[in-house]
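Chemist: Sending over a structure as structure tokens; questions will come in a sec.
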Amino acid sequence: MSILYLFDILGTIAFATSGALSAMNKRLDIFGVLILAFVTAVGGGTLRDVMIGYTPVAWMRNFTTISIILVTYIVTLFANAHIHHLKKLLFYFDSFGLGAFTITGIAQGLAFGLHPVLCIALGTMTGAFGGVIRDIMVNEIPVVFRKEIYATACIAGGSLFFLLRFLNIETHLTEVISAVTVVVVRVVSFRFKLYLPKIYDYKEID
Amino acid sequence: MSILYLFDILGTIAFATSGALSAMNKRLDIFGVLILAFVTAVGGGTLRDVMIGYTPVAWMRNFTTISIILVTYIVTLFANAHIHHLKKLLFYFDSFGLGAFTITGIAQGLAFGLHPVLCIALGTMTGAFGGVIRDIMVNEIPVVFRKEIYATACIAGGSLFFLLRFLNIETHLTEVISAVTVVVVRVVSFRFKLYLPKIYDYKEID
Amino acid sequence: MSILYLFDILGTIAFATSGALSAMNKRLDIFGVLILAFVTAVGGGTLRDVMIGYTPVAWMRNFTTISIILVTYIVTLFANAHIHHLKKLLFYFDSFGLGAFTITGIAQGLAFGLHPVLCIALGTMTGAFGGVIRDIMVNEIPVVFRKEIYATACIAGGSLFFLLRFLNIETHLTEVISAVTVVVVRVVSFRFKLYLPKIYDYKEID
């Protein structure tokens, strides 16, 4: 069993928690909290599978994901008052998940014979779009479009993946190194408060 | 012809009306009203079909749905000033529709050989997500995440469906009883103003 | 090579620019700008392909589209301060694109053996829904539901398409005439400030 599998589980926990917390922040009821936990954890992969035509989509093929989300949901409901103590831990889980999800997306693209650029796009989508759907559902402009190095980490790890593959590095090693790269880029950029630039001198033209 | 078919028609009328009214509330033009009527009526089923890979999606396979939506749309455009008199009637239509849509979603899941839990999820999606997409399109946080027993009714009816199925009750009877259960749970909870709890003591952690 | 191909390219440029500008208006970072450029240009076609089950979706089958979007994105990033001088030009590009996208959607529907009404719906979706997804992503009510003759142009051109087809006009000619009709309806309605009506006497019923 690969270390990526562990990353994936940690990521699912972190993503589901982030969706649940987002829902609670907006005073949604417990069904809303469940759905937000769910779409945040599986939204990226679902979008990927739907676009490449790999159906039924991932969360329907794999009960582990659903089980983890349900347990995370229940724990979050009951322990929500304490979760802010776990903020740092969840950030790391989230970063591991981002790494795993990116590699899963790339592997899926390869399995469908897609071009590396498309594979990296699918990896980024798998990692980043759960959060995009979460934010849209609670009526916010997606945070990954505004203030976090998130997709950049996916793109960096994804590019390294194809470099290593081109160099004929063994597949599993390639996956692990690339996933860890995603994690490192995300964590380092967060620590040093690195953001993507915005276009400030832009004149609104309607 | 099953009574579920009648429920389905009533539901399509109610859902399309709710989308059209939501669009008018937001001062959309008549194209916006059409699209909102449409997505509210077919959004849940479309999402379900796309995720399980049953394409072209339902509204493309069935002209009855499109015709009902178009007629509802036109009536709503011209009779909108009087629709508030029908509020109560539409609530019942909506509840019948919720029952029918839930059972349709479950049946679709079974046809694809999915696990009961996934089937109930698909049923809930079919019933509740048209309204979710409607609300997102007019820039609101979905009402089913906030203040109505809606999905809960789907889950209750769906669970009963599989209990009856497990007990070897005849299929059509199982479907009707389960659909009626969805309707009853929805109507009763509305009458007695039952809501799902929210998590009030939650400390925002951002 | 058809003139429609040229229209399609101009449209992709205009749609990507409109997404990028919309993202800059909302102060998104450069990743957000990229995604908005992307979804605006390919969102309508993606939705169409997903709903009819033609996967992997269009932008994964065709590198030209991705390349045009990337170049447009980069130019927009660097030249954003000057783009307001091009407002009028971009409006024409957008209109040509609307024509081409509508015909592409109709052709796709025909290839899947769908009814003319569904084909026109797919054409309209291809032309208009990139903008819908763009607006939802930046937390706005979609502009095509509120204040522009946009979908109406698609529907007019689409209807003419099937009239000409019924009259046995040669396919390519039918496509070009219909696409040009979309362009003309859009441009003329914009010039004369024609809008779709809204329902003003509507009483909010909640």
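Labeling convention for the structure tokens: chains A, B, ... as they appear, residues from 1 per chain, ligands from 1 in order of appearance.
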Could you give me, as JSON lines, every chain B residue with an atom at most 7 Å from chain C, plus its closest atom pair and distance in Å to one decimal, counting only C-alpha atoms, rows ordered by chain then number?
Modeler:
{"residue": "B:Met24", "atom": "CA", "partner": "C:Ile199", "partner_atom": "CA", "distance": 6.5}
{"residue": "B:Asn25", "atom": "CA", "partner": "C:Glu204", "partner_atom": "CA", "distance": 6.0}
{"residue": "B:Arg27", "atom": "CA", "partner": "C:Lys198", "partner_atom": "CA", "distance": 6.5}
{"residue": "B:Leu28", "atom": "CA", "partner": "C:Arg146", "partner_atom": "CA", "distance": 4.7}
{"residue": "B:Asp29", "atom": "CA", "partner": "C:Lys198", "partner_atom": "CA", "distance": 4.4}
{"residue": "B:Ile30", "atom": "CA", "partner": "C:Lys198", "partner_atom": "CA", "distance": 5.8}
{"residue": "B:Phe31", "atom": "CA", "partner": "C:Phe145", "partner_atom": "CA", "distance": 6.0}
{"residue": "B:Gly32", "atom": "CA", "partner": "C:Phe145", "partner_atom": "CA", "distance": 3.9}
{"residue": "B:Val50", "atom": "CA", "partner": "C:Met51", "partner_atom": "CA", "distance": 6.4}
{"residue": "B:Thr55", "atom": "CA", "partner": "C:Gly53", "partner_atom": "CA", "distance": 5.1}
{"residue": "B:Pro56", "atom": "CA", "partner": "C:Ile52", "partner_atom": "CA", "distance": 4.0}
{"residue": "B:Val57", "atom": "CA", "partner": "C:Met51", "partner_atom": "CA", "distance": 5.7}
{"residue": "B:Met60", "atom": "CA", "partner": "C:Leu118", "partner_atom": "CA", "distance": 6.8}
{"residue": "B:Asn80", "atom": "CA", "partner": "C:Tyr202", "partner_atom": "CA", "distance": 6.1}
{"residue": "B:Ala81", "atom": "CA", "partner": "C:Tyr202", "partner_atom": "CA", "distance": 5.5}
{"residue": "B:His84", "atom": "CA", "partner": "C:Ile205", "partner_atom": "CA", "distance": 5.7}
{"residue": "B:Met137", "atom": "CA", "partner": "C:Ile141", "partner_atom": "CA", "distance": 6.4}
{"residue": "B:Val138", "atom": "CA", "partner": "C:Ile141", "partner_atom": "CA", "distance": 5.4}
{"residue": "B:Asn139", "atom": "CA", "partner": "C:Ile141", "partner_atom": "CA", "distance": 5.8}
Chemist: Per DSSP on the backbone, what are the helix (DSSP H, G or I) residues of region 49-178 of chain B, as JSON, numbers by chain?
Modeler: {"B": [49, 50, 51, 52, 58, 59, 60, 61, 63, 64, 65, 66, 67, 68, 69, 70, 71, 72, 73, 74, 75, 76, 77, 78, 79, 80, 81, 82, 83, 84, 85, 86, 87, 88, 89, 90, 91, 92, 93, 94, 95, 96, 97, 98, 99, 100, 101, 102, 103, 104, 105, 106, 107, 108, 109, 110, 111, 116, 117, 118, 119, 120, 121, 122, 123, 124, 125, 126, 127, 128, 129, 130, 131, 132, 133, 134, 135, 136, 137, 143, 144, 145, 151, 152, 153, 154, 155, 156, 157, 158, 159, 160, 161, 162, 163, 164, 165, 166, 171, 172, 173, 174, 175, 176, 177, 178]}
Chemist: Could those residues be written to a file, using C-alpha atoms, as a compact mmCIF listing (two decimals), in the first residue's frame?
Modeler:
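Written file, out-v1.txt:
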# COMPACT_ATOMS: atom_id res chain seq x y z
CA ASP B 49 -27.26 11.17 -14.88
CA VAL B 50 -23.96 12.94 -15.50
CA MET B 51 -22.40 11.38 -12.40
CA ILE B 52 -23.48 7.84 -13.18
CA ALA B 58 -32.90 12.57 -18.75
CA TRP B 59 -34.45 15.78 -20.12
CA MET B 60 -33.00 14.97 -23.55
CA ARG B 61 -34.58 11.52 -23.52
CA PHE B 63 -40.08 15.33 -24.31
CA THR B 64 -42.83 15.26 -21.72
CA THR B 65 -40.57 16.99 -19.21
CA ILE B 66 -39.57 19.75 -21.62
CA SER B 67 -43.18 20.31 -22.68
CA ILE B 68 -44.41 20.56 -19.10
CA ILE B 69 -41.67 23.03 -18.24
CA LEU B 70 -42.43 25.21 -21.27
CA VAL B 71 -46.16 25.30 -20.52
CA THR B 72 -45.48 26.03 -16.85
CA TYR B 73 -43.08 28.78 -17.85
CA ILE B 74 -45.58 30.49 -20.12
CA VAL B 75 -48.39 30.23 -17.59
CA THR B 76 -46.12 31.59 -14.87
CA LEU B 77 -45.07 34.53 -17.05
CA PHE B 78 -48.65 35.57 -17.68
CA ALA B 79 -50.23 34.59 -14.40
CA ASN B 80 -47.44 35.56 -12.05
CA ALA B 81 -49.54 38.16 -10.25
CA HIS B 82 -51.93 35.43 -9.18
CA ILE B 83 -49.49 32.71 -8.27
CA HIS B 84 -49.27 33.76 -4.66
CA HIS B 85 -52.83 32.49 -4.32
CA LEU B 86 -51.49 29.08 -5.30
CA LYS B 87 -48.67 29.02 -2.80
CA LYS B 88 -50.22 26.24 -0.76
CA LEU B 89 -51.09 24.14 -3.82
CA LEU B 90 -47.57 24.51 -5.17
CA PHE B 91 -46.15 23.40 -1.85
CA TYR B 92 -48.08 20.15 -2.20
CA PHE B 93 -47.04 19.74 -5.84
CA ASP B 94 -43.46 20.30 -4.78
CA SER B 95 -43.77 17.63 -2.10
CA PHE B 96 -45.27 15.10 -4.52
CA GLY B 97 -42.46 15.91 -6.92
CA LEU B 98 -39.87 15.40 -4.22
CA GLY B 99 -41.30 11.94 -3.60
CA ALA B 100 -41.35 11.00 -7.28
CA PHE B 101 -37.90 12.41 -8.00
CA THR B 102 -36.39 10.56 -5.05
CA ILE B 103 -37.77 7.24 -6.26
CA THR B 104 -36.63 7.93 -9.84
CA GLY B 105 -33.12 8.58 -8.59
CA ILE B 106 -33.10 5.39 -6.52
CA ALA B 107 -34.41 3.34 -9.44
CA GLN B 108 -31.70 4.78 -11.68
CA GLY B 109 -29.04 3.86 -9.15
CA LEU B 110 -30.38 0.30 -8.93
CA ALA B 111 -30.38 0.03 -12.72
CA PRO B 116 -28.28 1.19 -1.53
CA VAL B 117 -26.43 4.05 0.19
CA LEU B 118 -25.42 5.43 -3.21
CA CYS B 119 -28.96 4.94 -4.51
CA ILE B 120 -30.38 6.98 -1.64
CA ALA B 121 -27.75 9.64 -2.29
CA LEU B 122 -28.80 9.72 -5.95
CA GLY B 123 -32.46 9.91 -4.97
CA THR B 124 -31.76 12.83 -2.64
CA MET B 125 -29.71 14.51 -5.34
CA THR B 126 -32.50 14.10 -7.88
CA GLY B 127 -35.03 15.58 -5.49
CA ALA B 128 -33.05 18.33 -3.83
CA PHE B 129 -30.35 19.56 -6.19
CA GLY B 130 -32.53 21.30 -8.75
CA GLY B 131 -33.27 23.79 -5.98
CA VAL B 132 -29.60 23.95 -5.03
CA ILE B 133 -28.60 24.90 -8.59
CA ARG B 134 -31.48 27.40 -8.77
CA ASP B 135 -30.29 29.16 -5.64
CA ILE B 136 -26.65 29.21 -6.72
CA MET B 137 -27.66 30.73 -10.06
CA VAL B 143 -32.35 27.11 1.01
CA VAL B 144 -32.29 23.33 1.48
CA PHE B 145 -29.01 23.74 3.34
CA ALA B 151 -33.29 16.08 2.03
CA THR B 152 -34.27 14.43 5.28
CA ALA B 153 -37.57 13.45 3.72
CA CYS B 154 -35.70 11.95 0.74
CA ILE B 155 -33.43 9.99 3.04
CA ALA B 156 -36.35 8.72 5.13
CA GLY B 157 -38.30 7.59 2.07
CA GLY B 158 -35.20 6.11 0.50
CA SER B 159 -34.33 4.12 3.59
CA LEU B 160 -37.88 2.77 3.77
CA PHE B 161 -37.57 1.82 0.09
CA PHE B 162 -34.67 -0.50 0.82
CA LEU B 163 -36.31 -1.88 3.95
CA LEU B 164 -39.41 -2.83 1.93
CA ARG B 165 -37.23 -4.21 -0.84
CA PHE B 166 -35.35 -6.28 1.69
CA THR B 171 -41.54 -3.32 -6.51
CA HIS B 172 -44.28 -0.95 -7.55
CA LEU B 173 -45.87 -0.97 -4.12
CA THR B 174 -42.46 -0.32 -2.58
CA GLU B 175 -41.98 2.67 -4.83
CA VAL B 176 -45.37 4.18 -4.09
CA ILE B 177 -45.14 3.69 -0.32
CA SER B 178 -41.65 5.20 -0.26
